[in-house]
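Structure data follow from target-v2.cif (mmCIF, C-alpha atoms):
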data_target
loop_
_atom_site.label_atom_id
_atom_site.label_comp_id
_atom_site.auth_asym_id
_atom_site.auth_seq_id
_atom_site.Cartn_x
_atom_site.Cartn_y
_atom_site.Cartn_z
CA ALA A 1 20.26 -2.93 -28.67
CA LEU A 2 18.87 0.23 -30.27
CA GLN A 3 15.53 -1.46 -30.98
CA GLU A 4 15.35 -2.68 -27.37
CA PHE A 5 16.03 0.87 -26.14
CA LEU A 6 13.33 2.28 -28.44
CA ASN A 7 10.85 -0.37 -27.26
CA GLU A 8 11.57 0.53 -23.63
CA GLN A 9 11.11 4.24 -24.44
CA ASN A 10 7.82 3.45 -26.17
CA ASP A 11 6.61 1.37 -23.19
CA GLU A 12 7.52 4.21 -20.82
CA ILE A 13 5.65 6.78 -22.93
CA THR A 14 2.60 4.48 -23.08
CA ARG A 15 2.69 4.04 -19.28
CA ASP A 16 2.98 7.82 -18.83
CA ILE A 17 0.00 8.47 -21.11
CA LEU A 18 -2.12 5.77 -19.47
CA GLY A 19 -0.99 6.98 -16.05
CA TYR A 20 -2.10 10.51 -16.91
CA GLN A 21 -5.48 9.24 -18.11
CA ILE A 22 -5.91 7.11 -14.99
CA GLN A 23 -4.95 9.99 -12.68
CA ASN A 24 -7.57 12.17 -14.32
CA ASN A 25 -10.29 9.51 -14.15
CA LEU A 26 -9.51 7.86 -10.82
CA GLN A 27 -13.11 8.05 -9.65
CA ASP A 28 -14.15 5.60 -12.36
CA PHE A 29 -10.98 3.51 -12.49
CA ASP A 30 -11.02 0.06 -10.97
CA PHE A 31 -8.90 -3.09 -11.12
CA LYS A 32 -10.51 -6.44 -10.41
CA GLU A 33 -9.17 -8.58 -7.57
CA ASP A 34 -6.79 -11.35 -8.62
CA TRP A 35 -7.40 -14.13 -6.14
CA GLN A 36 -4.39 -16.03 -7.51
CA LEU A 37 -2.31 -13.18 -6.05
CA SER A 38 -4.33 -13.24 -2.82
CA GLN A 39 -5.87 -9.83 -3.60
CA PHE A 40 -8.93 -8.85 -1.61
CA TRP A 41 -10.02 -5.21 -1.88
CA TYR A 42 -11.23 -3.17 1.05
CA ASP A 43 -14.78 -1.90 0.91
CA ASP A 44 -15.20 1.82 0.19
CA GLU A 45 -15.70 2.81 3.82
CA THR A 46 -12.51 1.03 4.92
CA SER A 47 -10.53 2.44 2.00
CA HIS A 48 -11.74 5.96 2.70
CA THR A 49 -11.02 5.66 6.45
CA LEU A 50 -7.48 4.35 5.93
CA ALA A 51 -6.78 6.91 3.21
CA LYS A 52 -8.09 9.79 5.33
CA ALA A 53 -6.00 8.69 8.32
CA ALA A 54 -2.87 8.34 6.17
CA VAL A 55 -3.31 11.79 4.64
CA ALA A 56 -3.91 13.31 8.10
CA VAL A 57 -0.66 11.78 9.39
CA ALA A 58 1.35 12.69 6.31
CA GLY A 59 0.24 16.32 6.22
CA ARG A 60 0.30 18.63 3.18
CA THR A 61 3.86 17.76 2.13
CA GLY A 62 3.94 14.20 3.38
CA LYS A 63 4.92 10.93 1.83
CA ILE A 64 2.89 7.71 1.99
CA ALA A 65 3.97 4.16 1.09
CA LEU A 66 1.48 1.37 0.42
CA ILE A 67 2.79 -2.20 0.57
CA SER A 68 0.55 -4.84 -1.01
CA CYS A 69 -2.63 -2.78 -0.61
CA PRO A 70 -3.20 -1.28 -4.07
CA SER A 71 -6.90 -0.58 -3.58
CA LEU A 72 -5.95 2.27 -1.21
CA TYR A 73 -4.01 4.17 -3.87
CA LYS A 74 -7.07 5.55 -5.64
CA HIS A 75 -8.67 6.70 -2.38
CA ILE A 76 -5.56 8.57 -1.25
CA ARG A 77 -5.23 10.23 -4.65
CA LEU A 78 -8.88 11.30 -4.56
CA ILE A 79 -8.28 13.04 -1.22
CA ASP A 80 -4.99 14.70 -2.19
CA GLU A 81 -3.41 14.35 -5.61
CA THR A 82 -0.28 16.32 -4.63
CA LEU A 83 1.08 13.94 -1.98
CA GLU A 84 3.94 11.62 -2.81
CA VAL A 85 2.46 8.11 -2.79
CA ALA A 86 4.48 4.98 -3.50
CA LEU A 87 2.59 1.79 -4.32
CA LEU A 88 4.80 -1.24 -3.71
CA GLU A 89 3.01 -4.11 -5.39
CA TYR A 90 3.77 -7.47 -7.03
CA ASP A 91 0.96 -7.16 -9.60
CA ARG A 92 2.42 -5.38 -12.61
CA ARG A 93 -0.99 -4.15 -13.77
CA PHE A 94 -0.44 -1.28 -11.36
CA ALA A 95 2.59 -0.10 -13.34
CA LEU A 96 -0.04 2.02 -15.08
CA PHE A 97 0.30 4.36 -12.11
CA GLY A 98 3.66 5.40 -13.55
CA LYS A 99 6.33 6.70 -11.20
CA ASP A 100 4.15 5.95 -8.16
CA TYR A 101 4.45 2.20 -8.83
CA ILE A 102 7.37 0.20 -7.45
CA TYR A 103 7.56 -3.49 -8.28
CA TYR A 104 7.64 -5.38 -4.97
CA ASP A 105 8.08 -9.02 -4.03
CA TYR A 106 7.86 -9.70 -0.30
CA ASN A 107 10.30 -12.59 -0.76
CA PHE A 108 13.01 -9.96 -1.28
CA PRO A 109 12.07 -7.41 1.39
CA LEU A 110 15.12 -5.16 1.02
CA ASN A 111 15.30 -5.23 -2.75
CA LEU A 112 14.41 -1.53 -2.66
CA ASP A 113 16.17 1.65 -3.72
CA ARG A 114 18.38 2.83 -0.83
CA GLN A 115 16.98 6.36 -1.26
CA LEU A 116 13.64 5.08 0.04
CA ASN A 117 15.09 4.31 3.48
CA SER A 118 13.11 6.24 6.15
CA ARG A 119 11.47 8.32 3.41
CA TYR A 120 7.79 7.85 4.24
CA ASP A 121 5.80 9.57 6.98
CA ILE A 122 3.44 6.62 7.06
CA VAL A 123 3.56 3.10 5.66
CA ILE A 124 0.44 0.99 5.27
CA LEU A 125 0.88 -2.71 4.63
CA ASP A 126 -1.42 -5.63 4.09
CA PRO A 127 0.73 -8.73 3.49
CA PRO A 128 -0.89 -11.00 0.90
CA PHE A 129 -0.65 -14.19 2.95
CA LEU A 130 -1.41 -15.03 6.58
CA SER A 131 1.95 -16.64 7.26
CA GLU A 132 4.84 -15.88 9.57
CA GLU A 133 7.25 -15.63 6.64
CA CYS A 134 5.09 -13.19 4.67
CA LEU A 135 4.40 -10.91 7.63
CA THR A 136 8.01 -10.94 8.83
CA LYS A 137 9.41 -10.10 5.39
CA SER A 138 6.76 -7.44 4.68
CA ALA A 139 7.49 -5.92 8.11
CA THR A 140 11.18 -5.72 7.19
CA SER A 141 10.22 -3.64 4.15
CA ALA A 142 7.89 -1.42 6.19
CA LYS A 143 10.55 -0.69 8.81
CA PHE A 144 13.03 0.16 6.04
CA LEU A 145 10.61 2.61 4.38
CA ALA A 146 9.00 4.25 7.42
CA LYS A 147 10.18 7.31 9.29
CA ASP A 148 8.07 6.06 12.18
CA LYS A 149 4.32 5.49 11.66
CA ILE A 150 3.05 2.12 10.43
CA ILE A 151 -0.44 0.72 9.84
CA LEU A 152 -0.75 -3.04 9.40
CA CYS A 153 -3.99 -4.62 8.20
CA THR A 154 -3.99 -8.39 8.51
CA GLY A 155 -5.77 -11.32 10.05
CA THR A 156 -6.38 -10.99 13.78
CA ILE A 157 -4.65 -14.35 14.19
CA MET A 158 -1.33 -12.60 13.38
CA GLU A 159 -1.57 -10.24 16.39
CA GLY A 160 1.24 -11.80 18.44
CA LEU A 161 3.69 -11.84 15.55
CA ALA A 162 2.67 -8.31 14.50
CA LYS A 163 3.51 -7.04 17.99
CA GLN A 164 6.84 -8.86 17.88
CA VAL A 165 8.05 -7.72 14.45
CA LEU A 166 6.51 -4.22 14.25
CA ASN A 167 5.70 -3.28 17.84
CA VAL A 168 2.10 -2.53 16.85
CA THR A 169 -1.11 -2.85 18.83
CA ARG A 170 -4.65 -3.49 17.65
CA SER A 171 -6.79 -0.41 17.07
CA GLN A 172 -10.56 -0.22 17.45
CA PHE A 173 -10.95 0.18 13.69
CA VAL A 174 -11.88 -3.04 11.87
CA PRO A 175 -11.04 -3.24 8.13
CA ARG A 176 -13.73 -4.75 5.92
CA HIS A 177 -13.52 -6.15 2.39
CA THR A 178 -15.84 -6.02 -0.61
CA ASN A 179 -15.99 -9.82 -0.62
CA ASN A 180 -16.52 -10.81 2.99
CA LEU A 181 -13.49 -12.86 4.03
CA ALA A 182 -13.79 -15.80 6.39
CA ASN A 183 -10.76 -14.61 8.38
CA GLU A 184 -11.28 -11.99 11.08
CA PHE A 185 -9.28 -8.90 10.12
CA SER A 186 -7.78 -6.20 12.32
CA CYS A 187 -5.87 -2.96 12.01
CA PHE A 188 -2.63 -2.66 14.00
CA THR A 189 -0.59 0.52 14.43
CA ASN A 190 2.46 1.81 16.26
CA TYR A 191 0.70 5.10 17.15
CA ASN A 192 -2.75 6.20 18.31
CA PHE A 193 -4.57 5.56 15.03
CA ASP A 194 -8.02 6.00 16.54
CA GLU A 195 -7.39 9.71 17.26
CA TYR A 196 -7.10 10.31 13.50
CA LEU A 197 -10.55 8.87 12.84
CA GLY A 198 -12.45 11.83 14.36
#
Spit out the file's structure as structure tokens when you get a sec.
Amino acid sequence: ALQEFLNEQNDEITRDILGYQIQNNLQDFDFKEDWQLSQFWYDDETSHTLAKAAVAVAGRTGKIALISCPSLYKHIRLIDETLEVALLEYDRRFALFGKDYIYYDYNFPLNLDRQLNSRYDIVILDPPFLSEECLTKSATSAKFLAKDKIILCTGTIMEGLAKQVLNVTRSQFVPRHTNNLANEFSCFTNYNFDEYLG
């Protein structure tokens, strides 16, 4: 038991050190997409636009949650390193982001710390799969975490369900990916997202 405790302590210290190094070199830090996990990164322009809009909504003391869209984390941190940002992600590689990382499996949408309920000024989600189950469960998590504002990036084909489960409408902004996806993608929000793009 003592050895297990010491190993956990050691792992935590290693994560903290790596997290510190990553935070201080975010400009150069990059994870590769894992297509087995249905990961498709946004291009730089999309990442910057979404990050800028999220920071504008959150304000100087705001809190941002990212569900299944880890490529946005770096861009938000590069704009404002003082904001509270939670990255909810299945891929444990992102545990290197230390306390900002929360292990997340959309199959268990409310397997979240109760203290996170209505904590975030804005929640951005990009469910990994274009399925009713995945969107519905991810939406359950987003509604639990959000004070009010939500951005959903997903396939345009999910528009009807998105409206039903999150009461979001399609914005003019179109998310793009580094590897051009065959599926048409859209950005849906429950507020006037386009006014934050100016």
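Computed from the coordinates, the atom CA of A:Thr169 to atom CA of A:Ser71 distance equals 23.3 Å.
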Point to revise | Counting all atoms listed in the file, the residue of A:Asp44, A:Phe129, A:Pro70, A:Lys52 that sits nearest A:Ala95 | key: A:Pro70
Take every atom of stretch 63-80 of chain A listed in the file, pad by 4 Å on each side, and give me the axis-aligned box centre and edge lengths in Å, one decimal, as JSON.
{"center_x": -2.0, "center_y": 4.9, "center_z": -1.8, "size_x": 21.8, "size_y": 27.5, "size_z": 15.6}
Exercise for review: Please check which residues have atoms at most 10 Å from (-10.9, 1.8, 12.4) in the file's coordinates, counting all atoms listed in the file, and write them as number ranges by chain.
Suggested key: A: 45-46, 49-50, 53, 170-176, 186-188, 193-197
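Picture a line from atom CA of A:Cys69 to atom CA of A:Asn192; it runs 20.9 Å.
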Check your understanding: If I put a ball of radius 12 Å at (-1.0, -11.2, 17.5) in the file's coordinates, which residues poke into it when counting only C-alpha atoms, written as a ChimeraX atom specification?
Key -> /A:130-132,135,152-170,185-188
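Among the candidates A:Ile150, A:Ser68, A:Asn107, A:Leu125, the one nearest to A:Phe94 when counting all atoms listed in the file is A:Ser68.
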Practice item. Could you please determine the separation between atom CA of A:Val55 and atom CA of A:Leu78 in Å, to one decimal place? Key: 10.8 Å
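Of the listed residues A:Glu184, A:Asp148, A:Asp80, A:Glu133, the one whose atoms come nearest to A:Asn117 is A:Asp148, with distances taken using only C-alpha atoms.
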Practice item. Please provide as a list in words all residues within 10 Å of A:Leu87, with the sequence filter that same-chain residues fewer than 5 positions apart are discarded (counting only C-alpha atoms). Key: Ile64, Ala65, Leu66, Ile67, Ser68, Cys69, Pro70, Ser71, Leu72, Tyr73, Phe94, Ala95, Phe97, Gly98, Lys99, Asp100, Tyr101, Ile102, Tyr103, Tyr104 and Ile124 of chain A
Filtering to C-alpha atoms, could you give me those residues as an mmCIF file, keeping the file's coordinate frame?
data_model
loop_
_atom_site.group_PDB
_atom_site.id
_atom_site.type_symbol
_atom_site.label_atom_id
_atom_site.label_comp_id
_atom_site.auth_asym_id
_atom_site.auth_seq_id
_atom_site.Cartn_x
_atom_site.Cartn_y
_atom_site.Cartn_z
ATOM 1 C CA ILE A 64 2.890 7.710 1.990
ATOM 2 C CA ALA A 65 3.970 4.160 1.090
ATOM 3 C CA LEU A 66 1.480 1.370 0.420
ATOM 4 C CA ILE A 67 2.790 -2.200 0.570
ATOM 5 C CA SER A 68 0.550 -4.840 -1.010
ATOM 6 C CA CYS A 69 -2.630 -2.780 -0.610
ATOM 7 C CA PRO A 70 -3.200 -1.280 -4.070
ATOM 8 C CA SER A 71 -6.900 -0.580 -3.580
ATOM 9 C CA LEU A 72 -5.950 2.270 -1.210
ATOM 10 C CA TYR A 73 -4.010 4.170 -3.870
ATOM 11 C CA PHE A 94 -0.440 -1.280 -11.360
ATOM 12 C CA ALA A 95 2.590 -0.100 -13.340
ATOM 13 C CA PHE A 97 0.300 4.360 -12.110
ATOM 14 C CA GLY A 98 3.660 5.400 -13.550
ATOM 15 C CA LYS A 99 6.330 6.700 -11.200
ATOM 16 C CA ASP A 100 4.150 5.950 -8.160
ATOM 17 C CA TYR A 101 4.450 2.200 -8.830
ATOM 18 C CA ILE A 102 7.370 0.200 -7.450
ATOM 19 C CA TYR A 103 7.560 -3.490 -8.280
ATOM 20 C CA TYR A 104 7.640 -5.380 -4.970
ATOM 21 C CA ILE A 124 0.440 0.990 5.270
#
Exercise for review: Write out as number ranges by chain the residues lying within 10 Å of A:Thr140, counting only C-alpha atoms and excluding same-chain residues fewer than 4 positions away.
Suggested key: A: 106, 108-110, 134-136, 144-145, 165-166
Selected residues, C-alpha atoms, written as a compact mmCIF listing (two decimals), in the frame of the given file, please.
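For reference, result-v6.txt as written:
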# COMPACT_ATOMS: atom_id res chain seq x y z
CA TYR A 106 7.86 -9.70 -0.30
CA PHE A 108 13.01 -9.96 -1.28
CA PRO A 109 12.07 -7.41 1.39
CA LEU A 110 15.12 -5.16 1.02
CA CYS A 134 5.09 -13.19 4.67
CA LEU A 135 4.40 -10.91 7.63
CA THR A 136 8.01 -10.94 8.83
CA PHE A 144 13.03 0.16 6.04
CA LEU A 145 10.61 2.61 4.38
CA VAL A 165 8.05 -7.72 14.45
CA LEU A 166 6.51 -4.22 14.25
Study note, to complete from the structure: Using only C-alpha atoms, the residue out of A:Asp43, A:Glu89, A:Asp113, A:Asp121 with shortest distance to A:Ala146 is A:Asp121
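With all atoms listed in the file as the basis for measurement, A:Ile151 is the residue among A:Ile151, A:Tyr42, A:Asp91, A:Leu112 that approaches A:Ala54 most closely.
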